[in-house]
There are 2 protein chains.
Amino acid sequence: MSRCRHCAPVPEGVRQAAGLLEGRWTVSILWASYEGASRFNEFKQAVGEIPPRTLAQRLVELERAGVLERVVIDARPPRVEYRLTPAGRRLQAVVDALVRWAGA
Amino acid sequence: MSRCRHCAPVPEGVRQAAGLLEGRWTVSILWASYEGASRFNEFKQAVGEIPPRTLAQRLVELERAGVLERVVIDARPPRVEYRLTPAGRRLQAVVDALVRWAGA
């Protein structure tokens, strides 16, 4: 590993992507979505001790980041599902790599 | 993608690994180490606006997590380097996957 005398600055894209994963529980929420969770209670069940308000906030952040898509199901009563977008599915490679590293 | 009626809880290993990446700037520090940074100022140069005290704290966290190893170089004056451990090098797969996802 050669040392960098003048280290290149971290690219903005890496900072933004890293920023997404910095939210507490975000990776766990992503993991749950890859396991099939799509409703609020399913995420709550998988992630466990996350406060409901924080879970709601993380779902909004993931929606804004284009990772999840909020879909209202016309049922009685209406239901809300958070589905993976194509970008969300592509992000699975990162979570899978983390799972392998963790030896989970 | 089949839905999980009863979603399995997120494995502890995933939570811990995710916890490591949740520290602000941690992924950027890792990125810099894969680019060859090993001294405090090199990390500071690559990551940019990180406060020195936060950088010091992140380096300690990465050391505790077994990702970086702090080495004192017997020079005049003595120098300190933060080198990747085998586990640290294995974590590069996660950062590389994130960089690819970010299209950086």
# chains A, B, ... in the order shown; residues from 1 in each chain; ligands from 1
>>> select_by_dssp(residues="chain B", states="alpha helix (DSSP H)", output="PyMOL selection string")
chain B and resi 12-21+26-34+40-47+52-64+86-90+92-102
>>> interface_residues(of="chain A", to="chain B", cutoff="6 Å", atoms="only C-alpha atoms", output="number ranges by chain")
A: 2-4, 7-10, 13-14, 17-18, 22, 27, 36-37, 46-47, 94, 97-99, 102, 104
>>> write_last_selection(atoms="all heavy atoms", output="compact mmCIF listing (two decimals), in the first residue's frame")
# COMPACT_ATOMS: atom_id res chain seq x y z
N SER A 2 0.94 1.95 -1.20
CA SER A 2 1.80 3.14 -1.24
C SER A 2 1.10 4.29 -0.51
O SER A 2 -0.12 4.43 -0.55
CB SER A 2 2.02 3.54 -2.71
OG SER A 2 0.77 3.87 -3.26
N ARG A 3 1.93 5.11 0.20
CA ARG A 3 1.32 6.22 0.96
C ARG A 3 1.05 7.38 0.03
O ARG A 3 1.73 7.56 -0.97
CB ARG A 3 2.28 6.63 2.08
CG ARG A 3 2.07 5.74 3.32
CD ARG A 3 2.63 6.34 4.55
NE ARG A 3 2.43 7.80 4.59
CZ ARG A 3 3.44 8.65 4.67
NH1 ARG A 3 4.67 8.22 4.68
NH2 ARG A 3 3.21 9.94 4.70
N CYS A 4 0.05 8.17 0.34
CA CYS A 4 -0.23 9.34 -0.50
C CYS A 4 0.36 10.56 0.19
O CYS A 4 0.04 10.88 1.31
CB CYS A 4 -1.72 9.52 -0.70
SG CYS A 4 -2.70 9.64 0.80
N CYS A 7 -2.94 13.56 -0.25
CA CYS A 7 -4.08 12.66 -0.38
C CYS A 7 -5.23 13.35 -1.10
O CYS A 7 -5.61 14.47 -0.73
CB CYS A 7 -4.52 12.19 0.99
SG CYS A 7 -3.21 11.26 1.82
N ALA A 8 -5.77 12.69 -2.10
CA ALA A 8 -6.89 13.26 -2.86
C ALA A 8 -8.08 13.42 -1.92
O ALA A 8 -8.30 12.59 -1.03
CB ALA A 8 -7.25 12.30 -4.00
N PRO A 9 -8.84 14.50 -2.11
CA PRO A 9 -10.04 14.67 -1.28
C PRO A 9 -11.07 13.59 -1.59
O PRO A 9 -11.14 13.10 -2.71
CB PRO A 9 -10.56 16.06 -1.67
CG PRO A 9 -9.90 16.41 -2.94
CD PRO A 9 -8.63 15.64 -3.03
N VAL A 10 -11.84 13.22 -0.58
CA VAL A 10 -12.89 12.20 -0.75
C VAL A 10 -13.94 12.75 -1.73
O VAL A 10 -14.44 13.87 -1.54
CB VAL A 10 -13.54 11.89 0.61
CG1 VAL A 10 -14.63 10.84 0.45
CG2 VAL A 10 -12.49 11.43 1.63
N GLY A 13 -19.57 12.25 -4.15
CA GLY A 13 -20.51 11.12 -4.25
C GLY A 13 -20.32 10.14 -3.11
O GLY A 13 -21.29 9.62 -2.54
N VAL A 14 -19.05 9.91 -2.73
CA VAL A 14 -18.77 8.98 -1.63
C VAL A 14 -19.28 9.58 -0.32
O VAL A 14 -19.91 8.91 0.49
CB VAL A 14 -17.25 8.69 -1.52
CG1 VAL A 14 -16.93 7.81 -0.31
CG2 VAL A 14 -16.74 8.04 -2.80
N ALA A 17 -23.15 9.26 -0.28
CA ALA A 17 -23.58 7.87 -0.05
C ALA A 17 -23.28 7.48 1.39
O ALA A 17 -24.09 6.86 2.07
CB ALA A 17 -22.86 6.94 -1.01
N ALA A 18 -22.10 7.89 1.87
CA ALA A 18 -21.73 7.57 3.26
C ALA A 18 -22.71 8.25 4.22
O ALA A 18 -23.15 7.66 5.20
CB ALA A 18 -20.31 8.05 3.54
N GLU A 22 -25.01 6.84 7.48
CA GLU A 22 -24.65 7.30 8.82
C GLU A 22 -25.85 7.42 9.74
O GLU A 22 -25.71 7.42 10.96
CB GLU A 22 -23.91 8.66 8.74
CG GLU A 22 -22.46 8.51 8.34
CD GLU A 22 -21.83 9.82 7.89
OE1 GLU A 22 -22.48 10.87 8.04
OE2 GLU A 22 -20.69 9.77 7.39
N VAL A 27 -28.85 1.05 8.07
CA VAL A 27 -28.42 -0.22 7.47
C VAL A 27 -29.35 -1.35 7.92
O VAL A 27 -29.72 -2.22 7.12
CB VAL A 27 -26.95 -0.53 7.87
CG1 VAL A 27 -26.56 -1.94 7.42
CG2 VAL A 27 -26.01 0.49 7.24
N GLY A 36 -37.61 -8.55 2.95
CA GLY A 36 -39.03 -8.57 2.58
C GLY A 36 -39.91 -7.62 3.35
O GLY A 36 -41.11 -7.56 3.13
N ALA A 37 -39.37 -6.88 4.28
CA ALA A 37 -40.21 -5.93 5.03
C ALA A 37 -40.59 -4.78 4.10
O ALA A 37 -39.78 -4.32 3.29
CB ALA A 37 -39.45 -5.39 6.24
N ALA A 46 -38.50 -6.02 12.70
CA ALA A 46 -37.16 -6.52 12.33
C ALA A 46 -36.06 -5.73 13.05
O ALA A 46 -35.10 -6.31 13.56
CB ALA A 46 -36.95 -6.41 10.82
N VAL A 47 -36.25 -4.41 13.11
CA VAL A 47 -35.18 -3.57 13.67
C VAL A 47 -35.23 -3.57 15.19
O VAL A 47 -34.21 -3.44 15.86
CB VAL A 47 -35.25 -2.13 13.10
CG1 VAL A 47 -34.16 -1.24 13.68
CG2 VAL A 47 -35.13 -2.18 11.57
N VAL A 94 -23.99 -3.29 -1.15
CA VAL A 94 -23.23 -2.70 -0.03
C VAL A 94 -23.59 -3.43 1.27
O VAL A 94 -22.71 -3.83 2.05
CB VAL A 94 -23.54 -1.19 0.11
CG1 VAL A 94 -22.80 -0.59 1.30
CG2 VAL A 94 -23.18 -0.45 -1.17
N ALA A 97 -22.12 -6.87 1.30
CA ALA A 97 -20.67 -6.83 1.56
C ALA A 97 -20.43 -6.61 3.06
O ALA A 97 -19.55 -7.23 3.67
CB ALA A 97 -20.02 -5.71 0.75
N LEU A 98 -21.28 -5.79 3.67
CA LEU A 98 -21.13 -5.52 5.11
C LEU A 98 -21.47 -6.77 5.91
O LEU A 98 -20.77 -7.12 6.87
CB LEU A 98 -22.07 -4.37 5.51
CG LEU A 98 -21.88 -3.82 6.92
CD1 LEU A 98 -20.51 -3.15 7.07
CD2 LEU A 98 -22.98 -2.82 7.26
N VAL A 99 -22.51 -7.49 5.48
CA VAL A 99 -22.91 -8.73 6.17
C VAL A 99 -21.77 -9.74 6.07
O VAL A 99 -21.41 -10.39 7.05
CB VAL A 99 -24.22 -9.29 5.57
CG1 VAL A 99 -24.50 -10.69 6.07
CG2 VAL A 99 -25.39 -8.35 5.88
N ALA A 102 -19.01 -8.72 8.35
CA ALA A 102 -19.37 -8.94 9.76
C ALA A 102 -19.43 -10.43 10.08
O ALA A 102 -19.55 -10.81 11.24
CB ALA A 102 -20.71 -8.27 10.05
N ALA A 104 -21.82 -12.17 9.58
CA ALA A 104 -23.13 -12.39 10.26
C ALA A 104 -23.81 -13.61 9.63
O ALA A 104 -23.55 -13.91 8.50
CB ALA A 104 -24.00 -11.13 10.09
>>> atom_distance(atom1="atom CA of Glu61 of chain B", atom2="atom CA of Leu55 of chain A")
25.7 Å
>>> atom_distance(atom1="atom CA of Phe40 of chain A", atom2="atom CA of Glu63 of chain A")
13.4 Å
>>> select_by_dssp(residues="chain A", states="strand (DSSP E)", output="JSON, numbers by chain")
{"A": [68, 69, 70, 71, 72, 73, 79, 80, 81, 82, 83, 84]}
>>> write_last_selection(atoms="N, CA, C and O atoms", output="PDB file, in the first residue's frame")
ATOM      1  N   LEU A  68     -36.085   4.091  -1.248  1.00  0.00           N
ATOM      2  CA  LEU A  68     -37.404   3.470  -1.041  1.00  0.00           C
ATOM      3  C   LEU A  68     -38.462   4.339  -1.722  1.00  0.00           C
ATOM      4  O   LEU A  68     -38.274   5.549  -1.920  1.00  0.00           O
ATOM      5  N   GLU A  69     -39.559   3.688  -2.058  1.00  0.00           N
ATOM      6  CA  GLU A  69     -40.689   4.403  -2.665  1.00  0.00           C
ATOM      7  C   GLU A  69     -41.927   4.142  -1.815  1.00  0.00           C
ATOM      8  O   GLU A  69     -42.231   2.990  -1.506  1.00  0.00           O
ATOM      9  N   ARG A  70     -42.597   5.205  -1.397  1.00  0.00           N
ATOM     10  CA  ARG A  70     -43.791   5.071  -0.551  1.00  0.00           C
ATOM     11  C   ARG A  70     -45.014   4.865  -1.445  1.00  0.00           C
ATOM     12  O   ARG A  70     -45.310   5.697  -2.318  1.00  0.00           O
ATOM     13  N   VAL A  71     -45.703   3.759  -1.236  1.00  0.00           N
ATOM     14  CA  VAL A  71     -46.858   3.417  -2.077  1.00  0.00           C
ATOM     15  C   VAL A  71     -48.089   3.269  -1.182  1.00  0.00           C
ATOM     16  O   VAL A  71     -48.034   2.548  -0.170  1.00  0.00           O
ATOM     17  N   VAL A  72     -49.166   3.995  -1.527  1.00  0.00           N
ATOM     18  CA  VAL A  72     -50.413   3.876  -0.750  1.00  0.00           C
ATOM     19  C   VAL A  72     -51.281   2.828  -1.448  1.00  0.00           C
ATOM     20  O   VAL A  72     -51.575   2.940  -2.648  1.00  0.00           O
ATOM     21  N   ILE A  73     -51.665   1.793  -0.699  1.00  0.00           N
ATOM     22  CA  ILE A  73     -52.481   0.717  -1.261  1.00  0.00           C
ATOM     23  C   ILE A  73     -53.957   1.056  -0.996  1.00  0.00           C
ATOM     24  O   ILE A  73     -54.345   1.332   0.158  1.00  0.00           O
ATOM     25  N   ARG A  79     -53.497   1.105   3.012  1.00  0.00           N
ATOM     26  CA  ARG A  79     -52.225   0.681   3.629  1.00  0.00           C
ATOM     27  C   ARG A  79     -51.083   1.418   2.934  1.00  0.00           C
ATOM     28  O   ARG A  79     -51.201   1.816   1.779  1.00  0.00           O
ATOM     29  N   VAL A  80     -49.945   1.546   3.659  1.00  0.00           N
ATOM     30  CA  VAL A  80     -48.759   2.188   3.076  1.00  0.00           C
ATOM     31  C   VAL A  80     -47.631   1.168   3.049  1.00  0.00           C
ATOM     32  O   VAL A  80     -47.405   0.448   4.042  1.00  0.00           O
ATOM     33  N   GLU A  81     -46.968   1.069   1.907  1.00  0.00           N
ATOM     34  CA  GLU A  81     -45.807   0.186   1.810  1.00  0.00           C
ATOM     35  C   GLU A  81     -44.605   1.004   1.333  1.00  0.00           C
ATOM     36  O   GLU A  81     -44.754   1.963   0.569  1.00  0.00           O
ATOM     37  N   TYR A  82     -43.426   0.605   1.823  1.00  0.00           N
ATOM     38  CA  TYR A  82     -42.174   1.249   1.409  1.00  0.00           C
ATOM     39  C   TYR A  82     -41.407   0.233   0.575  1.00  0.00           C
ATOM     40  O   TYR A  82     -40.911  -0.765   1.113  1.00  0.00           O
ATOM     41  N   ARG A  83     -41.387   0.457  -0.726  1.00  0.00           N
ATOM     42  CA  ARG A  83     -40.790  -0.535  -1.627  1.00  0.00           C
ATOM     43  C   ARG A  83     -39.441  -0.060  -2.143  1.00  0.00           C
ATOM     44  O   ARG A  83     -39.221   1.155  -2.320  1.00  0.00           O
ATOM     45  N   LEU A  84     -38.575  -1.026  -2.387  1.00  0.00           N
ATOM     46  CA  LEU A  84     -37.254  -0.714  -2.916  1.00  0.00           C
ATOM     47  C   LEU A  84     -37.370  -0.194  -4.343  1.00  0.00           C
ATOM     48  O   LEU A  84     -38.092  -0.747  -5.168  1.00  0.00           O
TER      49      LEU A  84
END
